[in-house]
Amino acid sequence: MNENKVSLSAKNLLKNYGTKNFETRVLKGIDLTVYQNDFIAIMGPSGSGKTTLLNILSTIDKPSQGEVMLADKEIARLSNKELSRLRRDKIGFIFQDYNLLDTMTLQDNIALPLSLNGVSGKECVRKAKELGDMFGLSEHLGKYPWQLSGGQKQRGAACRALITDPEIIFADEPTGALDSKASRELLKCLKAVNENGRAAILMVTHDPFCASYAKDVYILSDGLIKCRISRGGERKEFYDRIIEVQSSMGGDLS
């Protein structure tokens with residue numbers, strides 16, 4: 001267990017969909033703590049609740065029951081204005097679809113969250129260039145999204161998520177639209193960001209290779225966390241252990 005600051009904690013999360021007599025329970029009591037230097041991957045078969053869990057933890061959805069604490073605030077008690085401020089200041093999102101604006105250069109896309117917050121143009125450019133360099137995008141900052149590869153666009157989206165210095169990054173299948181080379185490049189960058197202490201990362205993925213870049217893998221099944229696998233040695237060894245657990249639980253976790 002990490003002894004550092006808690007970025008997020010969830011207690012007894014339940015999530016039901018439907019009406020009273022026709023309810024489907026998707027989450028059945030999830031407890032999870034994310035520390036400030038954690039890199040966690042959540043895996044599970046289709047219908048296990050992993051995307052629902054990510055949406056609740058990232059404030060996109062609300063639980064039917066239970067508590068989520070983010071940056072020392074209980075999400076359910078926040079007003080819409082306070083929730084918007086929390087998302088702006090403490091959370092970064094990376095989605096499978098890059099969500100870059102085609103009419104803006106990559107540098108302007110990366111800097112957009114700061115610009116919307118009223119940060120000076122000079123500071124926006126400085127931080128965008130700093131992150132661009134970290135993610136191997138220095139030569140592409142002046143290009144538009146349609147001029148970039150999928151991997152370059154996703155690394156740009158990751159830079160945009162990081163530019164406000166959030167406490168935690170939520171990544172929903174971040175390599176889902178990428179080939180193996182682009183996936184490796186993105187994951188190496190995210191791993192470096194986490195190891196440098198810039199942000200905790202909570203990532204949903206169906207891909208054991210992607211999950212092997214995390215420090216811990218939580219496997220969901222039928223709305224519950226069934227097991228946790230912690231990385232102890234080399235990434236390849238961790239990958240093999242994930243595959244082994246995957247096989248023991250019935251194979252495909254997509």
# chains A, B, ... in the order shown; residues from 1 in each chain; ligands from 1
>>> select_by_dssp(residues="stretch 21-139 of chain A", states="strand (DSSP E)", output="mmCIF file with C-alpha atoms, in the first residue's frame")
data_model
loop_
_atom_site.group_PDB
_atom_site.id
_atom_site.type_symbol
_atom_site.label_atom_id
_atom_site.label_comp_id
_atom_site.auth_asym_id
_atom_site.auth_seq_id
_atom_site.Cartn_x
_atom_site.Cartn_y
_atom_site.Cartn_z
ATOM 1 C CA THR A 24 -30.332 -4.077 -13.037
ATOM 2 C CA ARG A 25 -27.516 -3.770 -10.514
ATOM 3 C CA VAL A 26 -24.268 -2.973 -12.335
ATOM 4 C CA LEU A 27 -22.032 -2.197 -9.335
ATOM 5 C CA LYS A 28 -22.563 -4.242 -6.197
ATOM 6 C CA GLY A 29 -20.323 -2.661 -3.578
ATOM 7 C CA ILE A 30 -17.009 -1.265 -4.780
ATOM 8 C CA ASP A 31 -14.324 0.001 -2.413
ATOM 9 C CA LEU A 32 -11.282 1.641 -3.991
ATOM 10 C CA THR A 33 -8.535 4.020 -2.888
ATOM 11 C CA VAL A 34 -6.274 5.834 -5.348
ATOM 12 C CA TYR A 35 -3.099 7.436 -3.999
ATOM 13 C CA PHE A 39 -1.248 4.049 -11.892
ATOM 14 C CA ILE A 40 -4.233 1.697 -11.842
ATOM 15 C CA ALA A 41 -5.736 -0.287 -14.704
ATOM 16 C CA ILE A 42 -9.276 -1.620 -14.436
ATOM 17 C CA MET A 43 -10.114 -4.687 -16.512
ATOM 18 C CA GLN A 65 -25.502 4.404 -3.148
ATOM 19 C CA GLY A 66 -22.052 4.935 -1.674
ATOM 20 C CA GLU A 67 -19.510 7.728 -1.352
ATOM 21 C CA VAL A 68 -16.826 9.133 -3.629
ATOM 22 C CA MET A 69 -14.213 11.477 -2.156
ATOM 23 C CA LEU A 70 -12.088 13.386 -4.665
ATOM 24 C CA LYS A 73 -14.435 16.598 -1.215
ATOM 25 C CA GLU A 74 -17.466 14.342 -1.232
ATOM 26 C CA ILE A 91 -9.323 16.036 -13.156
ATOM 27 C CA GLY A 92 -7.944 15.262 -16.609
ATOM 28 C CA PHE A 93 -9.701 13.055 -19.162
ATOM 29 C CA ILE A 94 -8.306 10.940 -21.990
#
>>> closest_residue(among="A:Ala157, A:Ala214, A:Cys189, A:Val6", to="A:Asp133", atoms="only C-alpha atoms")
A:Cys189
>>> atom_distance(atom1="atom CA of A:Lys50", atom2="atom CA of A:Leu112")
29.2 Å
>>> closest_residue(among="A:Leu78, A:Leu186, A:Val119, A:Ala111", to="A:Phe135", atoms="only C-alpha atoms")
A:Leu186
>>> select_by_dssp(residues="stretch 48-145 of chain A", states="helix (DSSP H, G or I)", output="PyMOL selection string")
chain A and resi 50-57+75-77+80-90+106-116+121-134+138-140+145
>>> write_last_selection(atoms="C-alpha atoms", output="compact mmCIF listing (two decimals), in the first residue's frame")
# COMPACT_ATOMS: atom_id res chain seq x y z
CA LYS A 50 -15.76 -1.09 -15.45
CA THR A 51 -16.96 1.83 -17.58
CA THR A 52 -19.77 2.57 -15.13
CA LEU A 53 -17.21 2.64 -12.33
CA LEU A 54 -14.94 5.00 -14.26
CA ASN A 55 -17.85 7.33 -15.01
CA ILE A 56 -18.85 7.50 -11.36
CA LEU A 57 -15.31 8.05 -10.09
CA ILE A 75 -18.74 14.59 -4.79
CA ALA A 76 -22.42 14.08 -3.92
CA ARG A 77 -22.41 17.16 -1.67
CA ASN A 80 -22.96 22.09 -9.96
CA LYS A 81 -20.65 25.10 -9.81
CA GLU A 82 -18.34 23.40 -7.30
CA LEU A 83 -18.37 20.21 -9.35
CA SER A 84 -17.40 22.13 -12.50
CA ARG A 85 -14.53 23.74 -10.63
CA LEU A 86 -13.37 20.36 -9.32
CA ARG A 87 -13.37 18.90 -12.85
CA ARG A 88 -11.51 21.94 -14.18
CA ASP A 89 -8.81 22.00 -11.51
CA LYS A 90 -8.35 18.41 -10.33
CA LEU A 106 -2.20 20.91 -31.87
CA GLN A 107 -0.53 23.50 -29.65
CA ASP A 108 -3.78 25.47 -29.35
CA ASN A 109 -5.73 22.27 -28.65
CA ILE A 110 -3.32 21.39 -25.84
CA ALA A 111 -3.45 24.90 -24.39
CA LEU A 112 -7.24 25.26 -24.65
CA PRO A 113 -8.11 24.36 -21.02
CA LEU A 114 -5.67 26.99 -19.73
CA SER A 115 -6.90 29.56 -22.22
CA LEU A 116 -10.50 29.00 -21.11
CA GLY A 121 -1.14 33.45 -23.79
CA LYS A 122 2.55 33.36 -22.94
CA GLU A 123 2.01 30.86 -20.13
CA CYS A 124 -0.31 28.74 -22.28
CA VAL A 125 2.35 28.50 -24.99
CA ARG A 126 5.10 27.72 -22.48
CA LYS A 127 3.20 24.85 -20.87
CA ALA A 128 1.96 23.47 -24.19
CA LYS A 129 5.53 23.37 -25.51
CA GLU A 130 6.80 21.78 -22.29
CA LEU A 131 4.25 18.98 -22.51
CA GLY A 132 4.69 18.66 -26.26
CA ASP A 133 8.38 18.05 -25.73
CA MET A 134 7.67 15.49 -23.00
CA SER A 138 7.62 19.32 -30.51
CA GLU A 139 7.81 19.09 -34.30
CA HIS A 140 4.04 18.72 -34.66
CA PRO A 145 -5.30 17.34 -36.21
>>> closest_residue(among="A:Cys210, A:Asn37, A:Glu173, A:Pro45", to="A:Ala192", atoms="only C-alpha atoms")
A:Asn37
>>> decode(residues="stretch 220-245 of chain A", atoms="N, CA and C atoms", output="mmCIF file, in the first residue's frame")
data_model
loop_
_atom_site.group_PDB
_atom_site.id
_atom_site.type_symbol
_atom_site.label_atom_id
_atom_site.label_comp_id
_atom_site.auth_asym_id
_atom_site.auth_seq_id
_atom_site.Cartn_x
_atom_site.Cartn_y
_atom_site.Cartn_z
ATOM 1 N N LEU A 220 -12.576 -6.548 -12.517
ATOM 2 C CA LEU A 220 -13.980 -6.546 -12.137
ATOM 3 C C LEU A 220 -14.699 -7.701 -12.810
ATOM 4 N N SER A 221 -15.662 -8.243 -12.101
ATOM 5 C CA SER A 221 -16.535 -9.265 -12.664
ATOM 6 C C SER A 221 -17.852 -9.200 -11.921
ATOM 7 N N ASP A 222 -18.928 -9.127 -12.677
ATOM 8 C CA ASP A 222 -20.273 -9.112 -12.092
ATOM 9 C C ASP A 222 -20.421 -8.008 -11.045
ATOM 10 N N GLY A 223 -19.862 -6.830 -11.335
ATOM 11 C CA GLY A 223 -20.064 -5.672 -10.473
ATOM 12 C C GLY A 223 -19.218 -5.604 -9.228
ATOM 13 N N LEU A 224 -18.235 -6.501 -9.112
ATOM 14 C CA LEU A 224 -17.375 -6.542 -7.932
ATOM 15 C C LEU A 224 -15.910 -6.626 -8.344
ATOM 16 N N ILE A 225 -15.022 -6.099 -7.506
ATOM 17 C CA ILE A 225 -13.590 -6.290 -7.722
ATOM 18 C C ILE A 225 -13.230 -7.694 -7.261
ATOM 19 N N LYS A 226 -12.826 -8.533 -8.203
ATOM 20 C CA LYS A 226 -12.536 -9.929 -7.889
ATOM 21 C C LYS A 226 -11.095 -10.144 -7.456
ATOM 22 N N CYS A 227 -10.164 -9.349 -8.012
ATOM 23 C CA CYS A 227 -8.780 -9.505 -7.602
ATOM 24 C C CYS A 227 -7.967 -8.277 -7.975
ATOM 25 N N ARG A 228 -6.815 -8.173 -7.353
ATOM 26 C CA ARG A 228 -5.854 -7.112 -7.631
ATOM 27 C C ARG A 228 -4.511 -7.766 -7.925
ATOM 28 N N ILE A 229 -3.890 -7.319 -9.007
ATOM 29 C CA ILE A 229 -2.560 -7.820 -9.371
ATOM 30 C C ILE A 229 -1.600 -6.642 -9.301
ATOM 31 N N SER A 230 -0.539 -6.779 -8.519
ATOM 32 C CA SER A 230 0.425 -5.692 -8.352
ATOM 33 C C SER A 230 1.724 -6.017 -9.070
ATOM 34 N N ARG A 231 2.253 -5.010 -9.723
ATOM 35 C CA ARG A 231 3.497 -5.196 -10.460
ATOM 36 C C ARG A 231 4.662 -5.224 -9.479
ATOM 37 N N GLY A 232 5.509 -6.235 -9.618
ATOM 38 C CA GLY A 232 6.644 -6.346 -8.724
ATOM 39 C C GLY A 232 7.977 -6.308 -9.443
ATOM 40 N N GLY A 233 7.988 -6.679 -10.715
ATOM 41 C CA GLY A 233 9.243 -6.743 -11.450
ATOM 42 C C GLY A 233 9.147 -6.076 -12.797
ATOM 43 N N GLU A 234 9.614 -6.756 -13.832
ATOM 44 C CA GLU A 234 9.612 -6.203 -15.180
ATOM 45 C C GLU A 234 8.203 -6.217 -15.778
ATOM 46 N N ARG A 235 7.989 -5.326 -16.744
ATOM 47 C CA ARG A 235 6.677 -5.219 -17.370
ATOM 48 C C ARG A 235 6.264 -6.532 -18.040
ATOM 49 N N LYS A 236 7.212 -7.194 -18.706
ATOM 50 C CA LYS A 236 6.887 -8.459 -19.382
ATOM 51 C C LYS A 236 6.387 -9.505 -18.384
ATOM 52 N N GLU A 237 7.031 -9.578 -17.235
ATOM 53 C CA GLU A 237 6.597 -10.512 -16.191
ATOM 54 C C GLU A 237 5.187 -10.152 -15.716
ATOM 55 N N PHE A 238 4.917 -8.866 -15.561
ATOM 56 C CA PHE A 238 3.594 -8.410 -15.128
ATOM 57 C C PHE A 238 2.542 -8.776 -16.174
ATOM 58 N N TYR A 239 2.881 -8.562 -17.433
ATOM 59 C CA TYR A 239 1.980 -8.917 -18.534
ATOM 60 C C TYR A 239 1.626 -10.406 -18.474
ATOM 61 N N ASP A 240 2.623 -11.254 -18.259
ATOM 62 C CA ASP A 240 2.378 -12.698 -18.192
ATOM 63 C C ASP A 240 1.453 -13.051 -17.030
ATOM 64 N N ARG A 241 1.606 -12.353 -15.906
ATOM 65 C CA ARG A 241 0.743 -12.617 -14.754
ATOM 66 C C ARG A 241 -0.690 -12.189 -15.038
ATOM 67 N N ILE A 242 -0.861 -11.058 -15.734
ATOM 68 C CA ILE A 242 -2.206 -10.607 -16.107
ATOM 69 C C ILE A 242 -2.871 -11.641 -17.004
ATOM 70 N N ILE A 243 -2.127 -12.133 -17.983
ATOM 71 C CA ILE A 243 -2.650 -13.150 -18.898
ATOM 72 C C ILE A 243 -3.033 -14.412 -18.128
ATOM 73 N N GLU A 244 -2.205 -14.789 -17.171
ATOM 74 C CA GLU A 244 -2.478 -15.989 -16.367
ATOM 75 C C GLU A 244 -3.779 -15.847 -15.574
ATOM 76 N N VAL A 245 -3.948 -14.684 -14.939
ATOM 77 C CA VAL A 245 -5.182 -14.440 -14.180
ATOM 78 C C VAL A 245 -6.369 -14.377 -15.122
#
